$ cat data_18.txt   # compact mmCIF, C-alpha atoms and all ligand atoms
# COMPACT_ATOMS: atom_id res chain seq x y z
CA MET C 23 30.98 0.63 -21.29
CA ALA C 24 28.51 2.45 -19.09
CA ILE C 25 29.10 5.71 -17.29
CA ILE C 26 29.22 4.93 -13.58
CA MET C 27 26.94 7.28 -11.64
CA ASP C 28 29.06 8.38 -8.72
CA GLY C 29 26.72 8.82 -5.77
CA LYS C 30 29.60 9.23 -3.39
CA ALA C 31 30.92 12.30 -5.19
CA LEU C 32 27.49 13.88 -5.61
CA ALA C 33 26.63 13.19 -1.96
CA LYS C 34 29.86 14.90 -0.93
CA LYS C 35 28.95 17.96 -2.98
CA ILE C 36 25.44 18.12 -1.45
CA ARG C 37 26.81 17.67 2.07
CA GLN C 38 29.23 20.54 1.47
CA GLN C 39 26.31 22.74 0.34
CA VAL C 40 24.38 21.71 3.47
CA LYS C 41 27.38 22.58 5.63
CA GLU C 42 27.57 26.06 4.12
CA GLU C 43 23.83 26.55 4.64
CA VAL C 44 24.14 25.42 8.25
CA SER C 45 26.93 27.99 8.80
CA ARG C 46 24.69 30.73 7.41
CA LEU C 47 21.87 29.67 9.73
CA LYS C 48 24.23 29.65 12.72
CA GLU C 49 25.28 33.22 11.91
CA LYS C 50 21.61 34.12 12.35
CA GLY C 51 21.50 32.30 15.72
CA ILE C 52 19.70 29.25 14.32
CA PHE C 53 21.15 25.85 15.24
CA PRO C 54 19.69 22.93 13.23
CA LYS C 55 19.21 19.77 15.26
CA LEU C 56 18.18 16.22 14.39
CA ALA C 57 16.75 13.69 16.86
CA VAL C 58 17.07 10.01 16.02
CA ILE C 59 14.99 7.38 17.80
CA MET C 60 16.01 3.75 17.71
CA VAL C 61 14.09 0.90 19.34
CA GLY C 62 16.07 -2.28 20.01
CA GLU C 63 19.46 -3.27 18.71
CA ASP C 64 19.07 -4.17 15.03
CA PRO C 65 22.71 -4.46 13.80
CA ALA C 66 22.11 -2.84 10.37
CA SER C 67 20.16 0.01 12.01
CA LYS C 68 23.07 0.63 14.37
CA VAL C 69 25.36 1.14 11.37
CA TYR C 70 22.85 3.47 9.67
CA VAL C 71 22.37 5.49 12.86
CA ARG C 72 26.14 5.80 13.35
CA ASN C 73 26.50 7.06 9.77
CA LYS C 74 23.74 9.60 10.28
CA SER C 75 25.37 10.90 13.44
CA LYS C 76 28.72 11.21 11.62
CA ALA C 77 27.08 13.06 8.73
CA CYS C 78 25.38 15.50 11.14
CA ASN C 79 28.66 16.09 12.87
CA GLU C 80 30.40 16.89 9.59
CA ALA C 81 27.62 19.25 8.50
CA GLY C 82 27.55 21.07 11.84
CA ILE C 83 24.04 19.80 12.59
CA ALA C 84 23.43 19.01 16.27
CA TYR C 85 22.36 15.46 16.92
CA GLU C 86 20.64 13.67 19.79
CA GLU C 87 19.95 9.96 19.99
CA PHE C 88 17.09 8.27 21.85
CA LEU C 89 17.69 4.57 22.39
CA LEU C 90 14.66 2.65 23.58
CA ASP C 91 14.75 -0.85 24.95
CA GLU C 92 13.51 -3.55 22.52
CA ASN C 93 10.67 -4.33 24.97
CA SER C 94 9.43 -0.75 25.01
CA SER C 95 5.69 -0.26 24.73
CA MET C 96 3.92 1.78 22.07
CA GLU C 97 3.01 4.31 24.80
CA GLU C 98 6.67 4.78 25.66
CA LEU C 99 7.62 5.27 22.02
CA LEU C 100 4.81 7.75 21.36
CA LYS C 101 5.71 9.67 24.53
CA VAL C 102 9.26 10.21 23.25
CA ILE C 103 7.96 11.31 19.84
CA LYS C 104 5.46 13.75 21.37
CA GLU C 105 8.13 15.27 23.61
CA LEU C 106 10.38 15.79 20.58
CA ASN C 107 7.47 17.32 18.66
CA GLU C 108 7.19 19.93 21.41
CA ARG C 109 10.89 20.72 21.75
CA LYS C 110 11.80 23.99 20.04
CA ASP C 111 15.48 23.03 19.69
CA ILE C 112 14.67 19.91 17.60
CA HIS C 113 13.95 20.50 13.91
CA GLY C 114 14.01 16.98 12.52
CA ILE C 115 12.81 13.68 14.00
CA LEU C 116 13.78 10.35 12.52
CA LEU C 117 12.50 7.00 13.71
CA GLN C 118 14.92 4.32 12.56
CA SER C 119 13.14 1.32 11.05
CA PRO C 120 12.62 -1.53 11.58
CA ILE C 121 11.18 -1.38 15.08
CA PRO C 122 10.28 -4.56 17.02
CA LYS C 123 7.22 -6.39 15.61
CA PRO C 124 4.57 -5.68 18.26
CA LEU C 125 5.04 -1.93 17.78
CA ASP C 126 3.01 -0.16 15.10
CA ILE C 127 5.39 1.83 12.90
CA ASP C 128 2.61 3.50 10.89
CA THR C 129 1.11 5.06 14.03
CA ALA C 130 4.60 6.07 15.17
CA PHE C 131 5.37 7.80 11.83
CA GLU C 132 1.98 9.49 11.89
CA THR C 133 2.64 10.83 15.41
CA ILE C 134 5.79 12.67 14.30
CA ASP C 135 4.99 16.35 13.65
CA PHE C 136 4.87 16.45 9.83
CA ARG C 137 6.95 19.66 9.86
CA LYS C 138 9.78 17.69 11.54
CA ASP C 139 9.30 14.56 9.40
CA VAL C 140 12.69 14.68 7.65
CA ASP C 141 12.23 11.11 6.40
CA GLY C 142 9.09 12.13 4.50
CA PHE C 143 7.04 9.21 5.84
CA HIS C 144 4.15 11.13 7.39
CA PRO C 145 0.86 10.68 5.47
CA ILE C 146 0.61 14.48 5.05
CA ASN C 147 4.00 14.61 3.35
CA ILE C 148 3.25 11.53 1.25
CA GLY C 149 -0.10 13.08 0.28
CA ARG C 150 1.58 16.33 -0.70
CA LEU C 151 4.07 14.43 -2.84
CA ALA C 152 1.15 12.66 -4.54
CA LEU C 153 -0.38 16.07 -5.26
CA GLY C 154 2.92 17.30 -6.70
CA ARG C 155 3.28 19.93 -3.96
CA GLN C 156 6.40 21.10 -2.08
CA THR C 157 7.13 18.65 0.74
CA PHE C 158 9.74 16.45 2.40
CA ILE C 159 10.58 13.73 -0.08
CA SER C 160 11.84 10.55 1.54
CA CYS C 161 15.60 10.44 1.35
CA THR C 162 16.29 7.43 -0.90
CA PRO C 163 13.84 8.39 -3.69
CA HIS C 164 15.05 11.98 -3.41
CA GLY C 165 18.64 10.77 -3.74
CA VAL C 166 17.76 8.76 -6.85
CA MET C 167 16.10 11.83 -8.39
CA LYS C 168 19.18 13.97 -7.67
CA LEU C 169 21.45 11.38 -9.30
CA LEU C 170 19.26 11.27 -12.43
CA GLN C 171 19.29 15.07 -12.52
CA GLU C 172 23.06 15.30 -12.04
CA TYR C 173 23.68 13.01 -15.01
CA GLN C 174 21.03 14.86 -17.07
CA ILE C 175 18.98 11.75 -17.71
CA ASP C 176 15.93 12.88 -19.65
CA LEU C 177 12.83 11.83 -17.72
CA LYS C 178 10.19 13.51 -19.84
CA GLY C 179 8.18 10.71 -21.42
CA ALA C 180 10.85 8.16 -20.46
CA ASN C 181 9.62 4.63 -19.86
CA VAL C 182 10.71 3.92 -16.27
CA VAL C 183 10.24 0.56 -14.54
CA ILE C 184 10.64 0.38 -10.76
CA LEU C 185 11.11 -2.98 -9.09
CA GLY C 186 9.67 -2.82 -5.56
CA ARG C 187 6.63 -1.02 -4.14
CA SER C 188 7.63 -0.32 -0.54
CA ASN C 189 6.37 2.81 1.18
CA ILE C 190 9.92 4.05 1.70
CA VAL C 191 11.36 3.50 -1.78
CA GLY C 192 9.21 2.20 -4.64
CA LYS C 193 5.98 4.14 -4.10
CA PRO C 194 7.43 7.60 -3.35
CA LEU C 195 9.95 7.15 -6.16
CA ALA C 196 7.15 6.39 -8.61
CA GLN C 197 5.44 9.59 -7.52
CA CYS C 198 8.63 11.65 -7.95
CA LEU C 199 9.14 10.25 -11.44
CA LEU C 200 5.53 10.85 -12.39
CA ASN C 201 5.89 14.43 -11.17
CA ALA C 202 8.90 14.66 -13.51
CA ASP C 203 6.75 13.54 -16.49
CA ALA C 204 8.10 9.99 -16.76
CA THR C 205 5.82 7.08 -17.68
CA VAL C 206 6.10 4.80 -14.68
CA THR C 207 5.49 1.08 -14.17
CA ILE C 208 5.91 -0.52 -10.74
CA CYS C 209 6.65 -4.24 -10.45
CA HIS C 210 6.37 -6.25 -7.23
CA SER C 211 6.52 -9.85 -6.07
CA LYS C 212 3.21 -10.75 -7.74
CA THR C 213 4.10 -9.19 -11.11
CA LYS C 214 4.17 -11.68 -13.98
CA ASN C 215 7.06 -11.71 -16.45
CA VAL C 216 9.10 -8.98 -14.78
CA GLY C 217 11.91 -9.47 -17.32
CA GLU C 218 9.57 -8.77 -20.24
CA ILE C 219 8.47 -5.51 -18.64
CA THR C 220 11.99 -4.31 -17.80
CA LYS C 221 13.19 -5.12 -21.33
CA ASN C 222 11.14 -2.23 -22.72
CA ALA C 223 12.32 0.29 -20.15
CA ASP C 224 14.57 3.29 -20.81
CA ILE C 225 15.34 3.38 -17.09
CA VAL C 226 15.15 0.47 -14.62
CA ILE C 227 15.35 1.13 -10.89
CA SER C 228 15.61 -1.88 -8.63
CA ALA C 229 14.66 -1.75 -4.94
CA ILE C 230 13.80 -5.29 -3.94
CA GLY C 231 16.73 -6.61 -1.91
CA LYS C 232 17.70 -9.65 -4.00
CA PRO C 233 21.33 -10.02 -5.09
CA LYS C 234 21.92 -10.18 -8.87
CA PHE C 235 18.18 -10.27 -9.56
CA VAL C 236 18.49 -7.89 -12.51
CA THR C 237 20.42 -9.67 -15.24
CA LYS C 238 21.55 -8.56 -18.70
CA ASP C 239 18.77 -10.41 -20.53
CA MET C 240 16.20 -8.24 -18.67
CA ILE C 241 17.60 -4.91 -19.84
CA LYS C 242 17.72 -3.29 -23.26
CA GLU C 243 20.90 -1.92 -24.79
CA ASN C 244 21.85 1.58 -23.54
CA ALA C 245 19.22 1.71 -20.80
CA VAL C 246 19.91 3.47 -17.47
CA VAL C 247 20.08 1.17 -14.43
CA ILE C 248 19.78 2.41 -10.87
CA ASP C 249 20.43 -0.09 -8.10
CA VAL C 250 18.87 0.80 -4.75
CA GLY C 251 19.29 -2.69 -3.30
CA ILE C 252 21.65 -3.35 -0.43
CA ASN C 253 22.34 -7.01 0.23
CA ARG C 254 24.84 -8.09 2.85
CA LEU C 255 26.67 -11.22 1.68
CA GLU C 256 29.67 -12.87 3.28
CA THR C 257 31.71 -11.38 0.47
CA GLY C 258 30.48 -7.85 1.27
CA LEU C 259 27.74 -5.47 0.12
CA VAL C 260 26.05 -6.07 -3.23
CA GLY C 261 23.04 -4.55 -4.95
CA ASP C 262 20.13 -6.14 -6.85
CA VAL C 263 21.86 -5.79 -10.19
CA ASP C 264 24.43 -7.97 -11.93
CA PHE C 265 26.76 -4.99 -12.22
CA GLU C 266 29.67 -6.68 -14.03
CA GLU C 267 27.46 -7.91 -16.88
CA LEU C 268 25.26 -4.85 -17.17
CA GLU C 269 28.10 -2.36 -17.08
CA LYS C 270 29.01 -3.59 -20.57
CA LYS C 271 25.50 -3.19 -21.96
CA VAL C 272 23.88 -0.06 -20.52
CA SER C 273 24.58 3.67 -20.84
CA TYR C 274 24.53 4.60 -17.13
CA ILE C 275 24.64 2.47 -14.00
CA THR C 276 25.02 2.99 -10.24
CA PRO C 277 27.50 0.90 -8.26
CA VAL C 278 26.85 -0.70 -4.85
CA PRO C 279 28.32 0.57 -2.64
CA GLY C 280 28.92 4.16 -3.75
CA GLY C 281 25.72 4.79 -5.73
CA VAL C 282 22.35 5.44 -4.12
CA GLY C 283 23.46 4.64 -0.54
CA PRO C 284 25.52 7.82 0.09
CA MET C 285 22.77 9.93 -1.53
CA THR C 286 20.25 8.83 1.09
CA ILE C 287 22.22 10.36 3.95
CA ALA C 288 23.01 13.51 1.96
CA MET C 289 19.29 14.07 1.32
CA LEU C 290 18.55 13.51 5.00
CA MET C 291 20.97 16.33 5.86
CA HIS C 292 19.30 18.47 3.20
CA ASN C 293 15.86 17.76 4.69
CA VAL C 294 17.05 18.76 8.19
CA VAL C 295 18.11 22.15 6.82
CA ILE C 296 14.75 22.58 5.06
CA ALA C 297 12.87 21.63 8.26
CA THR C 298 14.95 24.11 10.25
CA LYS C 299 14.29 26.93 7.80
CA ASN C 300 10.56 26.17 7.66
CA LEU C 301 10.29 26.18 11.45
CA GLU C 302 12.59 29.10 12.25
CA GLU C 303 12.31 31.48 9.31
CA LYS C 304 8.57 32.07 9.28
P1 LIG A 1 10.94 -4.05 1.17
O1 LIG A 1 10.06 -3.21 2.04
O2 LIG A 1 11.28 -5.43 1.59
O3 LIG A 1 10.26 -4.10 -0.28
C1 LIG A 1 10.76 -4.93 -1.28
C2 LIG A 1 9.88 -4.79 -2.48
O4 LIG A 1 10.39 -5.65 -3.51
C3 LIG A 1 8.43 -5.23 -2.25
O5 LIG A 1 7.55 -4.31 -2.85
C4 LIG A 1 8.34 -6.59 -2.93
O6 LIG A 1 7.07 -6.90 -3.45
C5 LIG A 1 9.32 -6.42 -4.06
N1 LIG A 1 9.84 -7.70 -4.54
C6 LIG A 1 10.32 -8.73 -3.83
N2 LIG A 1 10.67 -9.73 -4.63
C7 LIG A 1 10.39 -9.32 -5.90
C8 LIG A 1 10.51 -9.93 -7.17
N3 LIG A 1 11.00 -11.17 -7.31
N4 LIG A 1 10.14 -9.22 -8.26
C9 LIG A 1 9.63 -7.97 -8.13
N5 LIG A 1 9.50 -7.35 -6.94
C10 LIG A 1 9.86 -8.02 -5.84
O7 LIG A 1 12.32 -3.33 0.89
P2 LIG A 1 12.74 -1.78 0.87
O8 LIG A 1 12.79 -1.27 2.23
O9 LIG A 1 11.97 -1.05 -0.17
O10 LIG A 1 14.23 -1.95 0.34
C11 LIG A 1 14.52 -2.56 -0.90
C12 LIG A 1 16.02 -2.71 -1.04
O11 LIG A 1 16.58 -1.41 -1.06
C13 LIG A 1 16.69 -3.44 0.11
O12 LIG A 1 17.81 -4.15 -0.39
C14 LIG A 1 17.16 -2.32 1.02
O13 LIG A 1 18.29 -2.69 1.80
C15 LIG A 1 17.52 -1.27 -0.01
N6 LIG A 1 17.46 0.10 0.49
C16 LIG A 1 18.52 0.87 0.19
C17 LIG A 1 18.54 2.18 0.58
C18 LIG A 1 19.72 3.02 0.22
O14 LIG A 1 19.95 4.03 0.84
N7 LIG A 1 20.46 2.65 -0.82
C19 LIG A 1 17.48 2.71 1.31
C20 LIG A 1 16.38 1.90 1.57
C21 LIG A 1 16.38 0.57 1.14
P3 LIG A 1 5.76 -7.08 -2.52
O15 LIG A 1 5.33 -5.68 -2.18
O16 LIG A 1 4.80 -7.77 -3.40
O17 LIG A 1 6.19 -7.87 -1.32
$ encode --input "data_18.txt" --output "structure tokens"
Amino acid sequence: MAIIMDGKALAKKIRQQVKEEVSRLKEKGIFPKLAVIMVGEDPASKVYVRNKSKACNEAGIAYEEFLLDENSSMEELLKVIKELNERKDIHGILLQSPIPKPLDIDTAFETIDFRKDVDGFHPINIGRLALGRQTFISCTPHGVMKLLQEYQIDLKGANVVILGRSNIVGKPLAQCLLNADATVTICHSKTKNVGEITKNADIVISAIGKPKFVTKDMIKENAVVIDVGINRLETGLVGDVDFEELEKKVSYITPVPGGVGPMTIAMLMHNVVIATKNLEEK
């Protein structure tokens, strides 16, 4: 039976460390603050935003929400971002995705001051990650890396296959793993024979958003399986991985919920502290 990688417990530990760091900053008269912008009323986004506000509250990080109407123009959105860029009391800015179709999320991300880009989506931060330099790493890939580190999974020379190439998960994760000396393959919707590729992997990380896509015939004995997927079914939340079957075959596996999900928010809190220190402790 596999060891279950407990993201909930690790996230709790990281959030406690963040809380202690925030207290130390407050003693110096520095008050970390996160601004979250949401455009429209996407139900899943509302849940994510509520969780982020709760996490800030627990960590002692101040939090301000900016709710824009779903019919807002690009000008209106950019105006809010630019105002937050200028505000000295705001250290982190997060634009909750998705935003309504006519709006251009890439331009919006690029408008956020890269020093306040706690999501790590600004091209400067992505470029720095690609160069292997210190930067904000987007929260989900960062959370996956922390989990692998916590369970001492050896990445040096490991054959890692990532399913999914999105800008927020697959691509930055591939970069993180490459920086950690893994040999990385990325699969996407046009990849042929995905199951043949995953079969050779020491570590498989799925971030595609398809329930039970990763089955036991796709994974070799004793591999490590990380499930980033979040799929909302009538029966509740499930990942991309057939957990029940794979738990019996692999060495380590993350559950959904309780695996990567809690790590994402913990790493966001961590990034807010880093942004605050970078801006205030020059
Ligand atoms: P996304 O932007 O929709 O990207 C999905 C990726 O999966 C795409 O690159 C797509 O390929 C690829 N894909 C789709 N079908 C595939 C198939 N049959 N075989 C191989 N690749 C396939 O999604 P995302 O934002 O990265 O999120 C992925 C999943 O992770 C979702 O379930 C999301 O809810 C979850 N997620 C979880 C967290 C967390 O905190 N745990 C955070 C973010 C996202 P193409 O590029 O060719 O279309």
$ closest_residue --input "data_18.txt" --among "C:Arg187, C:Lys221, C:His113, C:Lys193" --to "ligand LIG 1 (chain A)" --atoms "only C-alpha atoms and all ligand atoms"
C:Arg187
$ residues_near_ligand --input "data_18.txt" --ligand "ligand LIG 1 (chain A)" --cutoff "8 Å" --atoms "all atoms listed in the file" --output "JSON, numbers by chain"
{"C": [161, 162, 185, 186, 187, 188, 189, 190, 191, 192, 209, 210, 211, 212, 213, 216, 228, 229, 230, 231, 232, 235, 249, 250, 251, 252, 253, 261, 262, 281, 282, 283, 284, 285, 286, 287]}
$ residues_near_point --input "data_18.txt" --point "(19.6, 2.9, 12.8)" --cutoff "8 Å" --atoms "all atoms listed in the file" --output "PyMOL selection string"
chain C and resi 60+64+66-72+118-119
$ residues_near_point --input "data_18.txt" --point "(12.8, 8.3, 17.1)" --cutoff "12 Å" --atoms "all atoms listed in the file" --output "ChimeraX atom specification"
/C:56-62,71,85-90,98-107,112,114-121,127,130-131,133-135,138-141
$ write_last_selection --input "data_18.txt" --atoms "C-alpha atoms" --output "compact mmCIF listing (two decimals), in the coordinates of the input"
# COMPACT_ATOMS: atom_id res chain seq x y z
CA LEU C 56 18.18 16.22 14.39
CA ALA C 57 16.75 13.69 16.86
CA VAL C 58 17.07 10.01 16.02
CA ILE C 59 14.99 7.38 17.80
CA MET C 60 16.01 3.75 17.71
CA VAL C 61 14.09 0.90 19.34
CA GLY C 62 16.07 -2.28 20.01
CA VAL C 71 22.37 5.49 12.86
CA TYR C 85 22.36 15.46 16.92
CA GLU C 86 20.64 13.67 19.79
CA GLU C 87 19.95 9.96 19.99
CA PHE C 88 17.09 8.27 21.85
CA LEU C 89 17.69 4.57 22.39
CA LEU C 90 14.66 2.65 23.58
CA GLU C 98 6.67 4.78 25.66
CA LEU C 99 7.62 5.27 22.02
CA LEU C 100 4.81 7.75 21.36
CA LYS C 101 5.71 9.67 24.53
CA VAL C 102 9.26 10.21 23.25
CA ILE C 103 7.96 11.31 19.84
CA LYS C 104 5.46 13.75 21.37
CA GLU C 105 8.13 15.27 23.61
CA LEU C 106 10.38 15.79 20.58
CA ASN C 107 7.47 17.32 18.66
CA ILE C 112 14.67 19.91 17.60
CA GLY C 114 14.01 16.98 12.52
CA ILE C 115 12.81 13.68 14.00
CA LEU C 116 13.78 10.35 12.52
CA LEU C 117 12.50 7.00 13.71
CA GLN C 118 14.92 4.32 12.56
CA SER C 119 13.14 1.32 11.05
CA PRO C 120 12.62 -1.53 11.58
CA ILE C 121 11.18 -1.38 15.08
CA ILE C 127 5.39 1.83 12.90
CA ALA C 130 4.60 6.07 15.17
CA PHE C 131 5.37 7.80 11.83
CA THR C 133 2.64 10.83 15.41
CA ILE C 134 5.79 12.67 14.30
CA ASP C 135 4.99 16.35 13.65
CA LYS C 138 9.78 17.69 11.54
CA ASP C 139 9.30 14.56 9.40
CA VAL C 140 12.69 14.68 7.65
CA ASP C 141 12.23 11.11 6.40
$ residues_around --input "data_18.txt" --residues "Asp239 of chain C" --least-positions-apart "3" --cutoff "10 Å" --atoms "all atoms listed in the file" --output "list of chain:residue names"
C:Gly217, C:Glu218, C:Thr220, C:Lys221, C:Val236, C:Lys242, C:Glu243, C:Glu267, C:Leu268, C:Lys271
$ residues_around --input "data_18.txt" --residues "Leu195 of chain C" --least-positions-apart "5" --cutoff "12 Å" --atoms "only C-alpha atoms" --output "number ranges by chain"
C: 142, 148, 151-152, 159-168, 170, 182-190, 200-202, 204, 206-208, 226-229, 248, 250
$ closest_residue --input "data_18.txt" --among "C:Gly280, C:Gly149, C:Pro65, C:Gly29" --to "Gln171 of chain C" --atoms "only C-alpha atoms"
C:Gly29
$ axis_aligned_box --input "data_18.txt" --around "segment 107-114 of chain C" --padding-each-side "8 Å" --output "lines of an AutoDock Vina configuration file"
center_x = 11.3
center_y = 20.5
center_z = 17.1
size_x = 24.3
size_y = 23.0
size_z = 25.2
$ atom_distance --input "data_18.txt" --atom1 "atom CA of Ile83 of chain C" --atom2 "atom CA of Pro279 of chain C"
24.9 Å
$ atom_distance --input "data_18.txt" --atom1 "atom CA of Thr298 of chain C" --atom2 "atom CA of Lys48 of chain C"
11.1 Å
$ decode --input "data_18.txt" --residues "segment 78-89 of chain C" --atoms "N, CA and C atoms" --output "PDB file, in the first residue's frame"
ATOM      1  N   CYS C  78      -5.718  34.078   5.022  1.00  0.00           N
ATOM      2  CA  CYS C  78      -5.054  35.347   5.381  1.00  0.00           C
ATOM      3  C   CYS C  78      -5.384  35.691   6.826  1.00  0.00           C
ATOM      4  N   ASN C  79      -6.648  35.587   7.120  1.00  0.00           N
ATOM      5  CA  ASN C  79      -7.135  35.900   8.461  1.00  0.00           C
ATOM      6  C   ASN C  79      -6.383  35.102   9.521  1.00  0.00           C
ATOM      7  N   GLU C  80      -6.268  33.803   9.279  1.00  0.00           N
ATOM      8  CA  GLU C  80      -5.576  32.903  10.210  1.00  0.00           C
ATOM      9  C   GLU C  80      -4.096  33.254  10.371  1.00  0.00           C
ATOM     10  N   ALA C  81      -3.484  33.688   9.251  1.00  0.00           N
ATOM     11  CA  ALA C  81      -2.045  33.982   9.274  1.00  0.00           C
ATOM     12  C   ALA C  81      -1.748  35.381   9.790  1.00  0.00           C
ATOM     13  N   GLY C  82      -2.805  36.187   9.965  1.00  0.00           N
ATOM     14  CA  GLY C  82      -2.606  37.571  10.407  1.00  0.00           C
ATOM     15  C   GLY C  82      -2.255  38.503   9.259  1.00  0.00           C
ATOM     16  N   ILE C  83      -2.518  38.043   8.040  1.00  0.00           N
ATOM     17  CA  ILE C  83      -2.261  38.875   6.849  1.00  0.00           C
ATOM     18  C   ILE C  83      -3.530  39.674   6.546  1.00  0.00           C
ATOM     19  N   ALA C  84      -3.380  40.990   6.376  1.00  0.00           N
ATOM     20  CA  ALA C  84      -4.557  41.808   6.049  1.00  0.00           C
ATOM     21  C   ALA C  84      -5.009  41.485   4.629  1.00  0.00           C
ATOM     22  N   TYR C  85      -6.298  41.683   4.384  1.00  0.00           N
ATOM     23  CA  TYR C  85      -6.875  41.196   3.137  1.00  0.00           C
ATOM     24  C   TYR C  85      -7.914  42.189   2.645  1.00  0.00           C
ATOM     25  N   GLU C  86      -7.866  42.514   1.374  1.00  0.00           N
ATOM     26  CA  GLU C  86      -8.889  43.408   0.813  1.00  0.00           C
ATOM     27  C   GLU C  86      -9.358  42.831  -0.515  1.00  0.00           C
ATOM     28  N   GLU C  87     -10.682  42.834  -0.702  1.00  0.00           N
ATOM     29  CA  GLU C  87     -11.243  42.216  -1.895  1.00  0.00           C
ATOM     30  C   GLU C  87     -11.777  43.290  -2.838  1.00  0.00           C
ATOM     31  N   PHE C  88     -11.586  43.098  -4.133  1.00  0.00           N
ATOM     32  CA  PHE C  88     -12.106  44.040  -5.121  1.00  0.00           C
ATOM     33  C   PHE C  88     -12.989  43.257  -6.075  1.00  0.00           C
ATOM     34  N   LEU C  89     -14.294  43.448  -5.953  1.00  0.00           N
ATOM     35  CA  LEU C  89     -15.237  42.682  -6.767  1.00  0.00           C
ATOM     36  C   LEU C  89     -15.713  43.547  -7.918  1.00  0.00           C
TER      37      LEU C  89
END
